[in-house]
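> Following this message is one structure expressed as structure tokens.
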2 protein chains.
Amino acid sequence: MELFEEIRALCAGVAKAAPSLAEAGTKEKNTALLNIAEALVANSDKIIEANKADLASAEKNGVAPHMIDRLALDEKRIKGIADALTELVAQTDPIGAGETWTRPSGITIRAVRVPLGVIGIIFEARPNVTVDAAALCIKTGNATVLRGGKEAINTNIALVSLMKNALSAAGLDPNCVGLIEDTSHEGANILMQMTEYVDVLIPRGSRRLIGAVKAKSKIPVIETGAGNCHLYIDESADLDMAVKIAVNAKCSRPAVCNAIETLLVHEKIADKVLPLIADAMKWYGVEFRCDERSKPYVDGAHEAEEEDFSTEYDDYILAVGVVSGVDEAIEHINKYSTKHSEAIVTRSYENAKKFQSRIDSAAVYVNASTRFTDGGEFGFGAEIGISTQKLHARGPMGLRALTTEKYLIDGNGEIR
Amino acid sequence: MELFEEIRALCAGVAKAAPSLAEAGTKEKNTALLNIAEALVANSDKIIEANKADLASAEKNGVAPHMIDRLALDEKRIKGIADALTELVAQTDPIGAGETWTRPSGITIRAVRVPLGVIGIIFEARPNVTVDAAALCIKTGNATVLRGGKEAINTNIALVSLMKNALSAAGLDPNCVGLIEDTSHEGANILMQMTEYVDVLIPRGSRRLIGAVKAKSKIPVIETGAGNCHLYIDESADLDMAVKIAVNAKCSRPAVCNAIETLLVHEKIADKVLPLIADAMKWYGVEFRCDERSKPYVDGAHEAEEEDFSTEYDDYILAVGVVSGVDEAIEHINKYSTKHSEAIVTRSYENAKKFQSRIDSAAVYVNASTRFTDGGEFGFGAEIGISTQKLHARGPMGLRALTTEKYLIDGNGEIR
């Protein structure tokens, strides 16, 4: 009960401060972002000290090495976070833009972009997310309630304290950014009930985290991330191109959501292209999980289970299947994909068109790697995540995804 | 279990047909809509006969007279439904529109509007919604699963049968529109679990229905409708204008969602404007529920409870409060409103600006009636409803709200 009241009071405080940030000008918001960037660099020592305490606890508690790596901050990483803020300052502020029109009734309508209000961010032990998420919210005039993973709590307290000071120095209310210092599951569950104060929740992290927030939250959720992506190599494909794209889409960064997990190959070229791909991926140590028809063409392949085709490995593992053509490929992909990114390599205009039209995913590629599904690569600048939902925002989400519309109507006594 | 399988099979059938409708051209979709319009008029007799069976049951079961009125169809009403379809044909098809750009990496990106896929509509005993909802979906390339109220089941079966024939005659798959003929709560609950086949659910009807769907659905919901709207009369208001807007906003159609439920008045003009408004509304028999400060100025007023300020009466009842100024009015409205539509009457530029900026609702009016919050009045053509959510769509939702975006990327072997 005490924890509930504590979190409720925090959220109420952030909600109370939110309108002032919503009304703040681009200049003030950018000043706050630059202040944060400066403060991060100037206070690197303090941040690293707090981070060391977190690292020590993490090691003591046997946290996995790759998690510890994500948690660790050094001067270079802090500089990287600060540089991202400077880039964010250069981006166009979406708030206040819109169209205006006058109706025969006499009223004038302005449809303007406004902040969502208060955005809750639930994330894991990645301190870069703490600053990044708060900064995207500040840029778009949204107040933020942050709830990060317990492993990073000391680092997060240090970072949020710096951000609050930077907001004050820019003439903005420091309560526009709040941190839930309790890192129990109960704390997160309480945040998910705060419909009165929090407009939207964005979970950032593993599929498990996102799934849990989606299932439990009473606040609307913007879902990001899950990527069971596919590459289909059509009969008419340029085989060199196909191999190059397959290697890039699987091996350049297998842990990111736009990497492929399944490769589908047309039956008429399976004997040619699969050995080439297996050979090219050997250097990366990729493990192949093949269906019955593809197995003969891949040395040392494992047998794929049904489950392999619905798994997001995020690792050097690739499920492989042979299909009779583009129709079967489309059917397979629409059945197993998480609706993120899929690609076809083909020389057939008809098949390219059919693939792009029928595949029900956010990004559908012809003759290019799925790895381009990214806010920066799309030209959107800063990215909040990749949406795999169809409502509100789909695919790479830029600043606009953190806004909504409001109709301002001016009249002169009009009635209907 | 049998019912579950029956509804699952229906949804699966609609989902299977959906891609063909998504790929259909504007011409085919418009032909289908015109076919439906013609079939409705040509088969008025059959529809009215089915409707008579529903009306007989409804009377036997003691359904309230205003519900029976909504359920009843005659030739004129059927003609009205058909005319709305003809108007819908004239509207621009949003599907396929979008922007295209090329990135330094070499890839070309097209962001195109596509249908959501399969839309489930849960509604009450209003047969006009059956045709209207299916038609909006057809126009936007979406397949539909309809689940209407039990009182209208015979009428709905007749209408859906006509629509299926009209789709076939236009060369489209009749399975693009499906009707759940079971009208138990269990049937609706099963539909709400069909995440595999249904992309979005739109409940249409009472606040209770919408709330229940929102609470139970595993499918994303587009919420429409709840309207606890406010009018605030500022100190500097033109009193004639204020009275005229108050009467229009409350009395022209009190049952619609854009009618006001609460009137707030500046303390310095309460003694002047409240008696004028009470007098002007006398003819409509409006019941006033006043707070302590406003009660002395309204003859025969009832005392308002706290609850009155959060109630959507949808009737000739008005809650009234006196406030110290625009700040208190804004605070009151943001506390009690459903974020639909609010208005200020004022001559103060500063207060008008503050009201529009600080009120957190979809439509914020200066010197005009809230009754303009409507797709037609905004110039959007056909309307699916008024969204009071902030994500996906806000305010009057036109055809675009039934679409999503998809990125089609064309390359020439690009990797990252």
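Identifiers in the structure tokens: chain A, B, ... in order shown; residue index from 1 per chain; ligand index from 1 in order shown.
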Please return, as an MDAnalysis selection string, all residues of stretch 34-279 of chain A that DSSP assigns to helix (DSSP H, G or I) on the basis of the backbone.

chainID A and resid 34:42 44:60 65:71 75:90 127:139 150:169 174:176 185:191 207:216 239:251 270:279

> When you get a sec, could you note down which chain A residues fall within 8 Å of chain B, using only C-alpha atoms, as a count of residues only?

52

> So which residues touch B:Ile219 within 10 Å, counting only C-alpha atoms, skipping near sequence neighbours fewer than 3 positions away, as a compact mmCIF listing (two decimals) with N, CA, C and O atoms, in the first residue's frame?


```
# COMPACT_ATOMS: atom_id res chain seq x y z
N ILE B 119 -11.50 -6.60 -39.77
CA ILE B 119 -12.03 -5.77 -38.69
C ILE B 119 -13.28 -6.42 -38.11
O ILE B 119 -14.20 -6.78 -38.84
N GLY B 120 -13.28 -6.61 -36.81
CA GLY B 120 -14.46 -7.12 -36.12
C GLY B 120 -15.29 -5.96 -35.61
O GLY B 120 -14.74 -4.99 -35.08
N LEU B 191 -15.23 -14.19 -30.15
CA LEU B 191 -14.72 -13.28 -31.19
C LEU B 191 -13.54 -12.46 -30.66
O LEU B 191 -12.52 -12.27 -31.34
N MET B 192 -13.67 -11.99 -29.41
CA MET B 192 -12.63 -11.13 -28.82
C MET B 192 -11.30 -11.85 -28.57
O MET B 192 -10.31 -11.21 -28.25
N GLN B 193 -11.30 -13.19 -28.73
CA GLN B 193 -10.06 -13.96 -28.55
C GLN B 193 -9.39 -14.29 -29.89
O GLN B 193 -8.32 -14.89 -29.90
N MET B 194 -10.02 -13.94 -31.00
CA MET B 194 -9.56 -14.41 -32.31
C MET B 194 -8.39 -13.59 -32.86
O MET B 194 -8.42 -13.09 -33.99
N THR B 195 -7.34 -13.45 -32.05
CA THR B 195 -6.19 -12.64 -32.45
C THR B 195 -5.51 -13.17 -33.71
O THR B 195 -4.86 -12.41 -34.42
N GLU B 196 -5.67 -14.44 -33.98
CA GLU B 196 -5.03 -15.02 -35.16
C GLU B 196 -5.68 -14.54 -36.46
O GLU B 196 -5.03 -14.46 -37.50
N TYR B 197 -6.96 -14.22 -36.39
CA TYR B 197 -7.70 -13.91 -37.62
C TYR B 197 -8.21 -12.48 -37.71
O TYR B 197 -8.50 -12.00 -38.80
N VAL B 198 -8.38 -11.82 -36.57
CA VAL B 198 -8.98 -10.48 -36.58
C VAL B 198 -7.94 -9.47 -36.12
O VAL B 198 -7.31 -9.64 -35.08
N ASP B 199 -7.73 -8.42 -36.93
CA ASP B 199 -6.67 -7.44 -36.63
C ASP B 199 -7.10 -6.36 -35.64
O ASP B 199 -6.31 -5.90 -34.84
N VAL B 200 -8.34 -5.93 -35.75
CA VAL B 200 -8.82 -4.81 -34.94
C VAL B 200 -10.30 -5.04 -34.61
O VAL B 200 -11.04 -5.59 -35.43
N LEU B 201 -10.69 -4.63 -33.43
CA LEU B 201 -12.11 -4.68 -33.06
C LEU B 201 -12.63 -3.26 -32.87
O LEU B 201 -11.97 -2.44 -32.22
N ILE B 202 -13.80 -2.98 -33.43
CA ILE B 202 -14.44 -1.68 -33.19
C ILE B 202 -15.81 -1.93 -32.58
O ILE B 202 -16.71 -2.44 -33.24
N VAL B 213 -16.02 -4.38 -24.14
CA VAL B 213 -15.14 -4.88 -25.20
C VAL B 213 -13.69 -4.50 -24.89
O VAL B 213 -12.78 -5.32 -25.00
N LYS B 214 -13.49 -3.26 -24.47
CA LYS B 214 -12.14 -2.80 -24.16
C LYS B 214 -11.51 -3.65 -23.06
O LYS B 214 -10.34 -4.01 -23.11
N LYS B 216 -12.28 -6.78 -22.17
CA LYS B 216 -12.15 -8.22 -22.42
C LYS B 216 -11.34 -8.58 -23.65
O LYS B 216 -10.85 -9.70 -23.77
N ILE B 222 -10.33 -0.15 -31.32
CA ILE B 222 -10.47 1.29 -31.56
C ILE B 222 -11.72 1.72 -30.82
O ILE B 222 -12.82 1.26 -31.10
```

> Suppose you want the space between atom CA of B:Glu28 and atom CA of B:Lys46; what is it in Å?

26.0 Å

> Nearest to A:Arg207: which of A:Thr388, A:Asn189, A:Ile344, A:Ile260 is it, counting only C-alpha atoms?

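The shortest atom-to-atom distance to A:Arg207 comes from A:Thr388.
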
> Find the residues near A:Ala53: any atom within 9 Å, counting only C-alpha atoms, skip ones fewer than 4 places away on the same chain, and give them as a list in words.

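Near A:Ala53, the qualifying residues are Ile48, Glu49, Ser57, Ala58, Asn154 and Thr155 of chain A.
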
> Would you save the residues from that selection as a tab-separated table (two decimals), in the first residue's frame, using N, CA, C and O atoms?


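Written output follows (selection.tsv):
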```
chain	number	residue	atom	x	y	z
A	48	ILE	N	30.13	7.17	-13.66
A	48	ILE	CA	30.91	5.92	-13.68
A	48	ILE	C	31.02	5.33	-12.28
A	48	ILE	O	30.95	4.11	-12.10
A	49	GLU	N	31.11	6.21	-11.28
A	49	GLU	CA	31.16	5.73	-9.90
A	49	GLU	C	29.88	4.99	-9.53
A	49	GLU	O	29.91	3.89	-8.97
A	57	SER	N	27.46	-5.17	-7.85
A	57	SER	CA	26.31	-5.98	-7.44
A	57	SER	C	25.99	-7.03	-8.49
A	57	SER	O	25.69	-8.18	-8.17
A	58	ALA	N	26.05	-6.61	-9.74
A	58	ALA	CA	25.70	-7.53	-10.82
A	58	ALA	C	26.62	-8.74	-10.84
A	58	ALA	O	26.18	-9.88	-10.97
A	154	ASN	N	21.50	2.33	-9.46
A	154	ASN	CA	22.37	3.43	-9.02
A	154	ASN	C	22.73	4.35	-10.17
A	154	ASN	O	22.72	5.58	-10.05
A	155	THR	N	23.03	3.76	-11.32
A	155	THR	CA	23.33	4.55	-12.52
A	155	THR	C	22.12	5.40	-12.90
A	155	THR	O	22.24	6.58	-13.22
```

> I'd like the neighbourhood of A:Arg204 as a ChimeraX atom specification, where a residue qualifies if any of its atoms comes within 10 Å (using only C-alpha atoms), though same-chain residues fewer than 3 positions away should be ignored.

/A:121-124,126,129,133,148,201,207,209-210,213,222-225,384-385
